[in-house]
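File shown: coords.cif. Contents: mmCIF, N, CA, C and O atoms.
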data_data
#
loop_
_atom_site.label_atom_id
_atom_site.label_comp_id
_atom_site.auth_asym_id
_atom_site.auth_seq_id
_atom_site.Cartn_x
_atom_site.Cartn_y
_atom_site.Cartn_z
N MET B 25 -3.17 -8.40 13.49
CA MET B 25 -2.31 -7.40 12.91
C MET B 25 -1.54 -8.02 11.75
O MET B 25 -1.01 -9.12 11.86
N LEU B 26 -1.50 -7.32 10.63
CA LEU B 26 -0.68 -7.74 9.50
C LEU B 26 0.78 -7.46 9.85
O LEU B 26 1.15 -6.33 10.14
N LYS B 27 1.61 -8.51 9.86
CA LYS B 27 3.02 -8.36 10.24
C LYS B 27 3.96 -8.20 9.06
O LYS B 27 4.94 -7.47 9.14
N GLU B 28 3.68 -8.93 7.97
CA GLU B 28 4.57 -8.83 6.82
C GLU B 28 3.89 -9.30 5.54
O GLU B 28 2.93 -10.06 5.58
N ILE B 29 4.42 -8.79 4.44
CA ILE B 29 4.03 -9.23 3.10
C ILE B 29 5.32 -9.55 2.36
O ILE B 29 6.28 -8.78 2.40
N LYS B 30 5.31 -10.68 1.68
CA LYS B 30 6.50 -11.11 0.94
C LYS B 30 6.07 -11.47 -0.49
O LYS B 30 5.05 -12.12 -0.68
N CYS B 31 6.86 -11.02 -1.46
CA CYS B 31 6.55 -11.31 -2.86
C CYS B 31 7.83 -11.26 -3.67
O CYS B 31 8.60 -10.29 -3.56
N ASP B 32 8.07 -12.26 -4.48
CA ASP B 32 9.31 -12.28 -5.27
C ASP B 32 9.31 -11.22 -6.37
O ASP B 32 10.34 -10.95 -6.98
N LYS B 33 8.19 -10.56 -6.59
CA LYS B 33 8.11 -9.49 -7.59
C LYS B 33 8.46 -8.12 -7.02
O LYS B 33 8.54 -7.15 -7.76
N PHE B 34 8.67 -8.03 -5.70
CA PHE B 34 9.11 -6.77 -5.12
C PHE B 34 10.48 -6.39 -5.66
O PHE B 34 11.28 -7.25 -6.03
N SER B 35 10.76 -5.11 -5.67
CA SER B 35 12.05 -4.58 -6.11
C SER B 35 13.20 -5.21 -5.33
O SER B 35 13.07 -5.57 -4.16
N ASN B 36 14.34 -5.33 -6.00
CA ASN B 36 15.55 -5.82 -5.34
C ASN B 36 16.01 -4.88 -4.24
O ASN B 36 16.84 -5.25 -3.41
N LYS B 37 15.48 -3.67 -4.22
CA LYS B 37 15.83 -2.71 -3.18
C LYS B 37 15.18 -3.08 -1.84
O LYS B 37 15.55 -2.56 -0.80
N ILE B 38 14.20 -3.99 -1.88
CA ILE B 38 13.52 -4.42 -0.67
C ILE B 38 14.21 -5.67 -0.15
O ILE B 38 14.22 -6.71 -0.82
N LYS B 39 14.78 -5.54 1.04
CA LYS B 39 15.54 -6.64 1.64
C LYS B 39 14.71 -7.91 1.72
O LYS B 39 13.59 -7.89 2.21
N ASP B 40 15.23 -8.98 1.22
CA ASP B 40 14.65 -10.32 1.17
C ASP B 40 13.19 -10.34 0.66
O ASP B 40 12.41 -11.21 1.03
N LYS B 41 12.86 -9.31 -0.15
CA LYS B 41 11.54 -9.23 -0.81
C LYS B 41 10.40 -9.22 0.20
O LYS B 41 9.30 -9.69 -0.08
N THR B 42 10.65 -8.69 1.39
CA THR B 42 9.68 -8.70 2.47
C THR B 42 9.48 -7.30 3.03
O THR B 42 10.45 -6.60 3.32
N ILE B 43 8.22 -6.91 3.18
CA ILE B 43 7.88 -5.65 3.83
C ILE B 43 7.30 -6.01 5.19
O ILE B 43 6.33 -6.77 5.28
N ARG B 44 7.93 -5.49 6.23
CA ARG B 44 7.50 -5.79 7.60
C ARG B 44 6.78 -4.56 8.19
O ARG B 44 7.22 -3.45 8.00
N PHE B 45 5.70 -4.84 8.89
CA PHE B 45 4.91 -3.79 9.52
C PHE B 45 5.16 -3.85 11.02
O PHE B 45 5.26 -4.91 11.61
N MET B 46 5.24 -2.69 11.62
CA MET B 46 5.46 -2.58 13.05
C MET B 46 4.15 -2.25 13.75
O MET B 46 3.21 -1.75 13.14
N LEU B 47 4.11 -2.51 15.04
CA LEU B 47 2.95 -2.16 15.84
C LEU B 47 2.79 -0.64 15.81
O LEU B 47 3.77 0.09 15.90
N GLY B 48 1.59 -0.15 15.62
CA GLY B 48 1.35 1.28 15.55
C GLY B 48 1.19 1.75 14.12
O GLY B 48 0.84 0.98 13.23
N LEU B 49 1.48 3.01 13.90
CA LEU B 49 1.30 3.63 12.60
C LEU B 49 2.45 3.27 11.66
O LEU B 49 3.62 3.40 12.01
N ASN B 50 2.13 2.79 10.47
CA ASN B 50 3.10 2.51 9.42
C ASN B 50 2.77 3.43 8.26
O ASN B 50 1.60 3.58 7.90
N CYS B 51 3.77 4.03 7.65
CA CYS B 51 3.56 4.99 6.57
C CYS B 51 4.17 4.48 5.28
O CYS B 51 5.23 3.86 5.28
N VAL B 52 3.49 4.77 4.18
CA VAL B 52 3.99 4.48 2.85
C VAL B 52 4.26 5.83 2.20
O VAL B 52 3.34 6.61 1.99
N VAL B 53 5.52 6.13 1.92
CA VAL B 53 5.89 7.43 1.38
C VAL B 53 6.67 7.25 0.08
O VAL B 53 7.25 6.20 -0.17
N GLY B 54 6.66 8.29 -0.72
CA GLY B 54 7.39 8.29 -1.98
C GLY B 54 8.81 8.80 -1.80
O GLY B 54 9.29 8.99 -0.69
N THR B 55 9.46 9.03 -2.92
CA THR B 55 10.83 9.52 -2.91
C THR B 55 10.85 11.02 -2.65
O THR B 55 9.83 11.71 -2.76
N ASP B 56 12.02 11.53 -2.31
CA ASP B 56 12.17 12.96 -2.03
C ASP B 56 11.83 13.83 -3.24
O ASP B 56 11.39 14.96 -3.09
N ASP B 57 12.04 13.29 -4.45
CA ASP B 57 11.77 14.09 -5.65
C ASP B 57 10.33 13.91 -6.15
O ASP B 57 9.99 14.35 -7.24
N ALA B 58 9.48 13.27 -5.34
CA ALA B 58 8.05 13.12 -5.61
C ALA B 58 7.74 12.40 -6.93
O ALA B 58 6.75 12.68 -7.58
N LEU B 59 8.58 11.45 -7.29
CA LEU B 59 8.31 10.67 -8.49
C LEU B 59 7.10 9.78 -8.29
O LEU B 59 6.84 9.29 -7.20
N ASN B 60 6.36 9.57 -9.35
CA ASN B 60 5.23 8.67 -9.33
C ASN B 60 5.67 7.29 -9.81
O ASN B 60 6.80 7.09 -10.22
N SER B 61 4.77 6.34 -9.78
CA SER B 61 4.99 4.99 -10.30
C SER B 61 6.10 4.25 -9.58
O SER B 61 6.93 3.60 -10.19
N ILE B 62 6.11 4.37 -8.24
CA ILE B 62 7.09 3.59 -7.49
C ILE B 62 6.42 2.51 -6.64
O ILE B 62 7.09 1.78 -5.94
N GLY B 63 5.08 2.42 -6.69
CA GLY B 63 4.39 1.30 -6.08
C GLY B 63 3.60 1.56 -4.80
O GLY B 63 3.16 0.61 -4.16
N LYS B 64 3.40 2.81 -4.43
CA LYS B 64 2.65 3.10 -3.20
C LYS B 64 1.22 2.55 -3.28
O LYS B 64 0.78 1.83 -2.39
N SER B 65 0.52 2.88 -4.33
CA SER B 65 -0.87 2.42 -4.48
C SER B 65 -0.92 0.91 -4.65
O SER B 65 -1.81 0.24 -4.10
N SER B 66 0.03 0.36 -5.38
CA SER B 66 0.06 -1.09 -5.56
C SER B 66 0.26 -1.80 -4.23
O SER B 66 -0.37 -2.83 -3.97
N LEU B 67 1.13 -1.27 -3.39
CA LEU B 67 1.34 -1.87 -2.07
C LEU B 67 0.05 -1.82 -1.26
O LEU B 67 -0.33 -2.80 -0.61
N LEU B 68 -0.65 -0.71 -1.30
CA LEU B 68 -1.90 -0.61 -0.53
C LEU B 68 -2.95 -1.58 -1.06
O LEU B 68 -3.70 -2.18 -0.28
N MET B 69 -3.00 -1.78 -2.37
CA MET B 69 -3.93 -2.77 -2.92
C MET B 69 -3.49 -4.19 -2.55
O MET B 69 -4.32 -5.08 -2.35
N MET B 70 -2.17 -4.40 -2.44
CA MET B 70 -1.67 -5.70 -2.02
C MET B 70 -2.06 -5.97 -0.56
O MET B 70 -2.42 -7.10 -0.22
N VAL B 71 -2.01 -4.96 0.28
CA VAL B 71 -2.47 -5.11 1.66
C VAL B 71 -3.94 -5.51 1.66
O VAL B 71 -4.35 -6.44 2.37
N ASP B 72 -4.75 -4.83 0.86
CA ASP B 72 -6.17 -5.17 0.74
C ASP B 72 -6.34 -6.62 0.27
O ASP B 72 -7.20 -7.34 0.77
N PHE B 73 -5.50 -7.06 -0.67
CA PHE B 73 -5.53 -8.43 -1.19
C PHE B 73 -5.27 -9.43 -0.05
O PHE B 73 -5.91 -10.47 0.02
N CYS B 74 -4.34 -9.10 0.84
CA CYS B 74 -4.04 -9.97 1.98
C CYS B 74 -5.25 -10.11 2.91
O CYS B 74 -5.42 -11.14 3.55
N PHE B 75 -6.07 -9.07 2.96
CA PHE B 75 -7.27 -9.10 3.79
C PHE B 75 -8.47 -9.67 3.05
O PHE B 75 -9.59 -9.62 3.55
N GLY B 76 -8.27 -10.19 1.84
CA GLY B 76 -9.35 -10.83 1.10
C GLY B 76 -9.94 -9.99 -0.01
O GLY B 76 -10.86 -10.44 -0.70
N GLY B 77 -9.44 -8.78 -0.22
CA GLY B 77 -9.97 -7.90 -1.27
C GLY B 77 -9.61 -8.37 -2.67
O GLY B 77 -8.78 -9.27 -2.86
N SER B 78 -10.22 -7.75 -3.67
CA SER B 78 -10.01 -8.17 -5.05
C SER B 78 -9.51 -7.06 -5.97
O SER B 78 -9.27 -7.29 -7.14
N ASP B 79 -9.35 -5.83 -5.46
CA ASP B 79 -8.91 -4.73 -6.31
C ASP B 79 -7.54 -4.97 -6.93
O ASP B 79 -7.28 -4.57 -8.06
N TYR B 80 -6.65 -5.62 -6.21
CA TYR B 80 -5.29 -5.86 -6.70
C TYR B 80 -5.30 -6.63 -8.02
O TYR B 80 -4.54 -6.32 -8.92
N THR B 81 -6.17 -7.61 -8.14
CA THR B 81 -6.23 -8.39 -9.38
C THR B 81 -7.28 -7.87 -10.35
O THR B 81 -7.14 -8.06 -11.56
N ASN B 82 -8.33 -7.20 -9.85
CA ASN B 82 -9.40 -6.74 -10.74
C ASN B 82 -9.18 -5.34 -11.28
O ASN B 82 -9.31 -5.11 -12.48
N LYS B 83 -8.86 -4.39 -10.41
CA LYS B 83 -8.74 -3.00 -10.83
C LYS B 83 -7.34 -2.62 -11.29
O LYS B 83 -7.16 -1.65 -12.01
N ASP B 84 -6.34 -3.36 -10.85
CA ASP B 84 -4.96 -3.02 -11.21
C ASP B 84 -4.37 -4.12 -12.09
O ASP B 84 -3.31 -4.66 -11.80
N SER B 85 -5.09 -4.45 -13.16
CA SER B 85 -4.66 -5.54 -14.03
C SER B 85 -3.33 -5.26 -14.72
O SER B 85 -2.68 -6.16 -15.22
N ASP B 86 -2.89 -3.98 -14.73
CA ASP B 86 -1.57 -3.66 -15.30
C ASP B 86 -0.46 -4.39 -14.55
O ASP B 86 0.55 -4.76 -15.15
N ILE B 87 -0.63 -4.58 -13.26
CA ILE B 87 0.39 -5.31 -12.49
C ILE B 87 0.55 -6.71 -13.06
O ILE B 87 1.66 -7.14 -13.36
N ILE B 88 -0.54 -7.42 -13.22
CA ILE B 88 -0.49 -8.79 -13.72
C ILE B 88 0.04 -8.80 -15.15
O ILE B 88 0.86 -9.64 -15.51
N LYS B 89 -0.42 -7.83 -15.94
CA LYS B 89 0.03 -7.76 -17.33
C LYS B 89 1.54 -7.52 -17.43
O LYS B 89 2.22 -8.12 -18.25
N ASN B 90 2.07 -6.66 -16.55
CA ASN B 90 3.48 -6.29 -16.64
C ASN B 90 4.43 -7.21 -15.89
O ASN B 90 5.57 -7.38 -16.32
N VAL B 91 4.00 -7.80 -14.78
CA VAL B 91 4.92 -8.65 -14.02
C VAL B 91 4.52 -10.12 -14.01
O VAL B 91 5.28 -10.97 -13.57
N GLY B 92 3.34 -10.43 -14.51
CA GLY B 92 2.88 -11.82 -14.55
C GLY B 92 2.21 -12.23 -13.25
O GLY B 92 2.25 -11.51 -12.25
N ASP B 93 1.58 -13.39 -13.30
CA ASP B 93 0.95 -13.91 -12.08
C ASP B 93 2.03 -14.18 -11.04
O ASP B 93 3.16 -14.52 -11.36
N HIS B 94 1.65 -14.01 -9.79
CA HIS B 94 2.61 -14.22 -8.71
C HIS B 94 1.85 -14.56 -7.42
O HIS B 94 0.64 -14.43 -7.34
N THR B 95 2.62 -15.02 -6.47
CA THR B 95 2.07 -15.40 -5.17
C THR B 95 2.47 -14.36 -4.14
O THR B 95 3.61 -13.89 -4.13
N ILE B 96 1.53 -14.00 -3.30
CA ILE B 96 1.79 -13.07 -2.21
C ILE B 96 1.69 -13.87 -0.91
O ILE B 96 0.72 -14.59 -0.68
N TYR B 97 2.73 -13.75 -0.11
CA TYR B 97 2.80 -14.43 1.18
C TYR B 97 2.62 -13.38 2.27
O TYR B 97 3.15 -12.28 2.16
N PHE B 98 1.90 -13.73 3.32
CA PHE B 98 1.66 -12.74 4.36
C PHE B 98 1.44 -13.42 5.71
O PHE B 98 1.04 -14.57 5.79
N THR B 99 1.78 -12.65 6.75
CA THR B 99 1.68 -13.14 8.12
C THR B 99 0.80 -12.21 8.93
O THR B 99 0.97 -10.99 8.88
N PHE B 100 -0.14 -12.80 9.65
CA PHE B 100 -0.95 -12.08 10.61
C PHE B 100 -0.57 -12.55 12.01
O PHE B 100 -0.23 -13.72 12.20
N GLU B 101 -0.65 -11.64 12.95
CA GLU B 101 -0.46 -12.01 14.35
C GLU B 101 -1.77 -11.76 15.10
O GLU B 101 -2.34 -10.68 15.03
N PHE B 102 -2.22 -12.80 15.80
CA PHE B 102 -3.41 -12.72 16.65
C PHE B 102 -3.07 -13.35 17.99
O PHE B 102 -2.54 -14.47 18.03
N ASP B 103 -3.34 -12.65 19.07
CA ASP B 103 -3.07 -13.15 20.42
C ASP B 103 -1.64 -13.68 20.55
O ASP B 103 -1.41 -14.78 21.06
N SER B 104 -0.69 -12.91 20.04
CA SER B 104 0.74 -13.23 20.13
C SER B 104 1.14 -14.49 19.38
O SER B 104 2.18 -15.08 19.63
N ARG B 105 0.33 -14.92 18.44
CA ARG B 105 0.65 -16.09 17.62
C ARG B 105 0.63 -15.69 16.16
O ARG B 105 -0.27 -14.97 15.72
N ASP B 106 1.63 -16.16 15.41
CA ASP B 106 1.72 -15.86 13.98
C ASP B 106 0.98 -16.91 13.15
O ASP B 106 1.05 -18.11 13.43
N TYR B 107 0.28 -16.41 12.12
CA TYR B 107 -0.44 -17.26 11.17
C TYR B 107 0.05 -16.88 9.78
O TYR B 107 0.09 -15.69 9.43
N TYR B 108 0.39 -17.88 8.97
CA TYR B 108 1.03 -17.66 7.67
C TYR B 108 0.08 -18.10 6.56
O TYR B 108 -0.57 -19.15 6.65
N PHE B 109 0.05 -17.29 5.49
CA PHE B 109 -0.85 -17.56 4.38
C PHE B 109 -0.20 -17.22 3.05
O PHE B 109 0.79 -16.47 3.00
N SER B 110 -0.77 -17.75 1.97
CA SER B 110 -0.38 -17.33 0.62
C SER B 110 -1.64 -17.22 -0.22
O SER B 110 -2.64 -17.92 0.02
N ARG B 111 -1.58 -16.33 -1.19
CA ARG B 111 -2.69 -16.13 -2.12
C ARG B 111 -2.10 -15.82 -3.48
O ARG B 111 -1.18 -15.01 -3.59
N GLU B 112 -2.58 -16.49 -4.51
CA GLU B 112 -2.03 -16.36 -5.86
C GLU B 112 -2.91 -15.45 -6.71
O GLU B 112 -4.13 -15.52 -6.65
N THR B 113 -2.26 -14.62 -7.51
CA THR B 113 -3.03 -13.75 -8.41
C THR B 113 -3.72 -14.57 -9.49
O THR B 113 -4.73 -14.14 -10.03
N SER B 114 -3.20 -15.75 -9.81
CA SER B 114 -3.83 -16.59 -10.83
C SER B 114 -5.08 -17.29 -10.31
O SER B 114 -5.90 -17.77 -11.09
N ASP B 115 -5.25 -17.35 -8.99
CA ASP B 115 -6.42 -17.97 -8.37
C ASP B 115 -6.81 -17.16 -7.13
O ASP B 115 -6.70 -17.63 -6.01
N PRO B 116 -7.26 -15.91 -7.35
CA PRO B 116 -7.52 -15.02 -6.21
C PRO B 116 -8.73 -15.40 -5.36
O PRO B 116 -8.95 -14.80 -4.32
N ASN B 117 -9.49 -16.39 -5.80
CA ASN B 117 -10.67 -16.79 -5.04
C ASN B 117 -10.35 -17.80 -3.93
O ASN B 117 -11.26 -18.28 -3.26
N HIS B 118 -9.06 -18.14 -3.79
CA HIS B 118 -8.64 -19.10 -2.78
C HIS B 118 -7.36 -18.61 -2.11
O HIS B 118 -6.65 -17.78 -2.66
N TYR B 119 -7.09 -19.17 -0.94
CA TYR B 119 -5.82 -18.91 -0.26
C TYR B 119 -5.36 -20.20 0.40
O TYR B 119 -6.12 -21.16 0.53
N HIS B 120 -4.10 -20.24 0.77
CA HIS B 120 -3.54 -21.37 1.50
C HIS B 120 -3.10 -20.94 2.88
O HIS B 120 -2.49 -19.87 3.03
N GLU B 121 -3.37 -21.73 3.87
CA GLU B 121 -2.68 -21.58 5.14
C GLU B 121 -1.31 -22.21 4.95
O GLU B 121 -1.16 -23.21 4.24
N CYS B 122 -0.28 -21.61 5.55
CA CYS B 122 1.09 -22.07 5.34
C CYS B 122 1.80 -22.29 6.66
O CYS B 122 1.34 -21.84 7.71
N ASP B 123 2.96 -22.97 6.57
CA ASP B 123 3.81 -23.05 7.75
C ASP B 123 4.70 -21.80 7.78
O ASP B 123 4.57 -20.93 6.92
N SER B 124 5.60 -21.70 8.73
CA SER B 124 6.39 -20.49 8.89
C SER B 124 7.37 -20.24 7.75
O SER B 124 7.92 -19.15 7.63
N SER B 125 7.57 -21.23 6.88
CA SER B 125 8.41 -21.06 5.69
C SER B 125 7.56 -20.76 4.46
O SER B 125 8.05 -20.80 3.34
N TYR B 126 6.28 -20.53 4.68
CA TYR B 126 5.30 -20.26 3.63
C TYR B 126 5.09 -21.44 2.70
O TYR B 126 4.74 -21.28 1.53
N THR B 127 5.28 -22.64 3.21
CA THR B 127 4.93 -23.85 2.47
C THR B 127 3.46 -24.15 2.77
O THR B 127 3.09 -24.25 3.95
N PRO B 128 2.63 -24.25 1.71
CA PRO B 128 1.20 -24.49 1.95
C PRO B 128 0.97 -25.78 2.73
O PRO B 128 1.64 -26.79 2.51
N ILE B 129 0.03 -25.71 3.65
CA ILE B 129 -0.40 -26.90 4.40
C ILE B 129 -1.91 -27.04 4.22
O ILE B 129 -2.64 -26.07 4.21
N GLY B 130 -2.36 -28.23 4.02
CA GLY B 130 -3.79 -28.46 3.88
C GLY B 130 -4.31 -28.03 2.51
O GLY B 130 -3.57 -27.72 1.60
N GLU B 131 -5.61 -28.03 2.43
CA GLU B 131 -6.31 -27.70 1.19
C GLU B 131 -6.43 -26.19 1.00
O GLU B 131 -6.38 -25.43 1.96
N LYS B 132 -6.67 -25.79 -0.25
CA LYS B 132 -6.99 -24.38 -0.52
C LYS B 132 -8.32 -24.05 0.11
O LYS B 132 -9.23 -24.89 0.16
N SER B 133 -8.42 -22.85 0.60
CA SER B 133 -9.67 -22.39 1.20
C SER B 133 -10.25 -21.28 0.37
O SER B 133 -9.50 -20.50 -0.24
N PRO B 134 -11.57 -21.13 0.34
CA PRO B 134 -12.17 -20.03 -0.42
C PRO B 134 -11.86 -18.69 0.24
O PRO B 134 -11.83 -18.59 1.46
N SER B 135 -11.62 -17.68 -0.58
CA SER B 135 -11.38 -16.34 -0.08
C SER B 135 -12.64 -15.79 0.55
O SER B 135 -13.75 -16.19 0.23
N ILE B 136 -12.44 -14.80 1.42
CA ILE B 136 -13.58 -14.20 2.09
C ILE B 136 -14.22 -13.09 1.26
O ILE B 136 -15.25 -12.58 1.60
N ALA B 137 -13.57 -12.72 0.16
CA ALA B 137 -14.07 -11.61 -0.66
C ALA B 137 -15.28 -12.04 -1.46
O ALA B 137 -15.49 -13.15 -1.79
#

Can you give me the file's structure in the form of structure tokens?
Amino acid sequence: MLKEIKCDKFSNKIKDKTIRFMLGLNCVVGTDDALNSIGKSSLLMMVDFCFGGSDYTNKDSDIIKNVGDHTIYFTFEFDSRDYYFSRETSDPNHYHECDSSYTPIGEKSPSIA
């Protein structure tokens, strides 16, 4: 299960730049006034990126153009144990396993995409 995504490029409105997912259904919704361009699709592509996808860097190049290269940190839980990773938009073909502070440990590994 994907537990959280952290990125320093998230809005300051997001507490500690971290989006946490709960067990069960999680929803991504817009504002009450139905404004566009608030990041719903970008977040979903970022989730895909955490799972090894490439749309975030390939199809949504406006993100990189407008905010620059950045690192996405994410945590998966398997069998009640947390696993921490990071993946950089500047090198999307690799990822790092990390410690609980998201400090990379070991060598870069090839992405599964």

Using only N, CA, C and O atoms, pick whichever of B:Ile43, B:Cys31, B:Val91, B:Cys122 has the shortest atom-to-atom distance to Asp106 in chain B. B:Cys122

What are the closest atom pairs, with distances in Å to one decimal, for all residues of range 27-56 of chain B lying within 8 Å of range 64-68 of chain B? Consider only N, CA, C and O atoms, order rows by chain and residue number, and present the result as a tab-separated table.
residue	atom	partner	partner_atom	distance
B:Val52	C	B:Lys64	CA	6.3
B:Val53	O	B:Lys64	CA	6.3
B:Gly54	N	B:Lys64	CA	7.0

Write out as a PyMOL selection string all residues of range 48-89 of chain B that backbone DSSP assigns to alpha helix (DSSP H). chain B and resi 64-74+79-82+85-89

I'd like the residues picked by the PyMOL selection byres (((chain B and resi 115 and name CA) around 12) and name CA) written out as a compact mmCIF listing (two decimals) with N, CA, C and O atoms, in the frame of the given file, using the chain letters and numbers from the file.
# COMPACT_ATOMS: atom_id res chain seq x y z
N PHE B 73 -5.50 -7.06 -0.67
CA PHE B 73 -5.53 -8.43 -1.19
C PHE B 73 -5.27 -9.43 -0.05
O PHE B 73 -5.91 -10.47 0.02
N SER B 78 -10.22 -7.75 -3.67
CA SER B 78 -10.01 -8.17 -5.05
C SER B 78 -9.51 -7.06 -5.97
O SER B 78 -9.27 -7.29 -7.14
N THR B 81 -6.17 -7.61 -8.14
CA THR B 81 -6.23 -8.39 -9.38
C THR B 81 -7.28 -7.87 -10.35
O THR B 81 -7.14 -8.06 -11.56
N ASN B 82 -8.33 -7.20 -9.85
CA ASN B 82 -9.40 -6.74 -10.74
C ASN B 82 -9.18 -5.34 -11.28
O ASN B 82 -9.31 -5.11 -12.48
N ASP B 93 1.58 -13.39 -13.30
CA ASP B 93 0.95 -13.91 -12.08
C ASP B 93 2.03 -14.18 -11.04
O ASP B 93 3.16 -14.52 -11.36
N HIS B 94 1.65 -14.01 -9.79
CA HIS B 94 2.61 -14.22 -8.71
C HIS B 94 1.85 -14.56 -7.42
O HIS B 94 0.64 -14.43 -7.34
N THR B 95 2.62 -15.02 -6.47
CA THR B 95 2.07 -15.40 -5.17
C THR B 95 2.47 -14.36 -4.14
O THR B 95 3.61 -13.89 -4.13
N ILE B 96 1.53 -14.00 -3.30
CA ILE B 96 1.79 -13.07 -2.21
C ILE B 96 1.69 -13.87 -0.91
O ILE B 96 0.72 -14.59 -0.68
N SER B 110 -0.77 -17.75 1.97
CA SER B 110 -0.38 -17.33 0.62
C SER B 110 -1.64 -17.22 -0.22
O SER B 110 -2.64 -17.92 0.02
N ARG B 111 -1.58 -16.33 -1.19
CA ARG B 111 -2.69 -16.13 -2.12
C ARG B 111 -2.10 -15.82 -3.48
O ARG B 111 -1.18 -15.01 -3.59
N GLU B 112 -2.58 -16.49 -4.51
CA GLU B 112 -2.03 -16.36 -5.86
C GLU B 112 -2.91 -15.45 -6.71
O GLU B 112 -4.13 -15.52 -6.65
N THR B 113 -2.26 -14.62 -7.51
CA THR B 113 -3.03 -13.75 -8.41
C THR B 113 -3.72 -14.57 -9.49
O THR B 113 -4.73 -14.14 -10.03
N SER B 114 -3.20 -15.75 -9.81
CA SER B 114 -3.83 -16.59 -10.83
C SER B 114 -5.08 -17.29 -10.31
O SER B 114 -5.90 -17.77 -11.09
N PRO B 116 -7.26 -15.91 -7.35
CA PRO B 116 -7.52 -15.02 -6.21
C PRO B 116 -8.73 -15.40 -5.36
O PRO B 116 -8.95 -14.80 -4.32
N ASN B 117 -9.49 -16.39 -5.80
CA ASN B 117 -10.67 -16.79 -5.04
C ASN B 117 -10.35 -17.80 -3.93
O ASN B 117 -11.26 -18.28 -3.26
N HIS B 118 -9.06 -18.14 -3.79
CA HIS B 118 -8.64 -19.10 -2.78
C HIS B 118 -7.36 -18.61 -2.11
O HIS B 118 -6.65 -17.78 -2.66
N TYR B 119 -7.09 -19.17 -0.94
CA TYR B 119 -5.82 -18.91 -0.26
C TYR B 119 -5.36 -20.20 0.40
O TYR B 119 -6.12 -21.16 0.53
N HIS B 120 -4.10 -20.24 0.77
CA HIS B 120 -3.54 -21.37 1.50
C HIS B 120 -3.10 -20.94 2.88
O HIS B 120 -2.49 -19.87 3.03
N LYS B 132 -6.67 -25.79 -0.25
CA LYS B 132 -6.99 -24.38 -0.52
C LYS B 132 -8.32 -24.05 0.11
O LYS B 132 -9.23 -24.89 0.16
N SER B 133 -8.42 -22.85 0.60
CA SER B 133 -9.67 -22.39 1.20
C SER B 133 -10.25 -21.28 0.37
O SER B 133 -9.50 -20.50 -0.24
N PRO B 134 -11.57 -21.13 0.34
CA PRO B 134 -12.17 -20.03 -0.42
C PRO B 134 -11.86 -18.69 0.24
O PRO B 134 -11.83 -18.59 1.46
N SER B 135 -11.62 -17.68 -0.58
CA SER B 135 -11.38 -16.34 -0.08
C SER B 135 -12.64 -15.79 0.55
O SER B 135 -13.75 -16.19 0.23

Which polymer residues, whether protein, DNA or RNA, lie within 8 Å of the coordinate (-4.3, -23.9, 9.3) when you count only N, CA, C and O atoms? List them as JSON, numbers by chain, using the chain letters and numbers from the file. {"B": [107, 108, 120, 121, 122, 123, 129, 130, 131]}

Expressed in Å, the length from CA of Asn90 in chain B to CA of Gly63 in chain B is 13.0 Å

So, with all atoms listed in the file as the atoms that count, which of B:Phe34, B:Phe109, B:Phe45, B:Phe100 lies closest to Pro128 in chain B?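 Checking each of B:Phe34, B:Phe109, B:Phe45, B:Phe100 against Pro128 in chain B, counting all atoms listed in the file, the winner is B:Phe109.
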
Determine the nearest neighbour of Met70 in chain B from the options B:Ile88, B:Ile29, B:Cys51, B:Met46, counting only N, CA, C and O atoms.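 Residue with the minimum atom-to-atom distance to Met70 in chain B: B:Ile29.
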
Residues of chain B in strand (DSSP E or B) according to DSSP, as a PyMOL selection string? chain B and resi 26-30+42-44+95-102+105-112+118-122+128-134

Point out the residue among B:Leu26, B:Ile38, B:Leu49, B:Ile87 with the least atom-to-atom distance to Asp72 in chain B, counting only C-alpha atoms.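 Looking at the shortest contact to Asp72 in chain B, the residue is B:Leu26.
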
Please indicate the distance in Å from atom O of Asn36 in chain B to atom N of Asp86 in chain B, rounded to one decimal place. 22.8 Å

Have a look at B:Asp56, B:Phe75, B:Gly92, B:Tyr80 and name the one nearest to Lys33 in chain B; count only N, CA, C and O atoms.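 Going through B:Asp56, B:Phe75, B:Gly92, B:Tyr80 one by one, the smallest distance to Lys33 in chain B is for B:Gly92.
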
Rank B:Ser104, B:Tyr126, B:Gly77, B:Tyr97 by their smallest atom-to-atom distance to Thr42 in chain B, using all atoms listed in the file, and report the top residue only.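 That would be B:Tyr97, the residue with the smallest distance to Thr42 in chain B.
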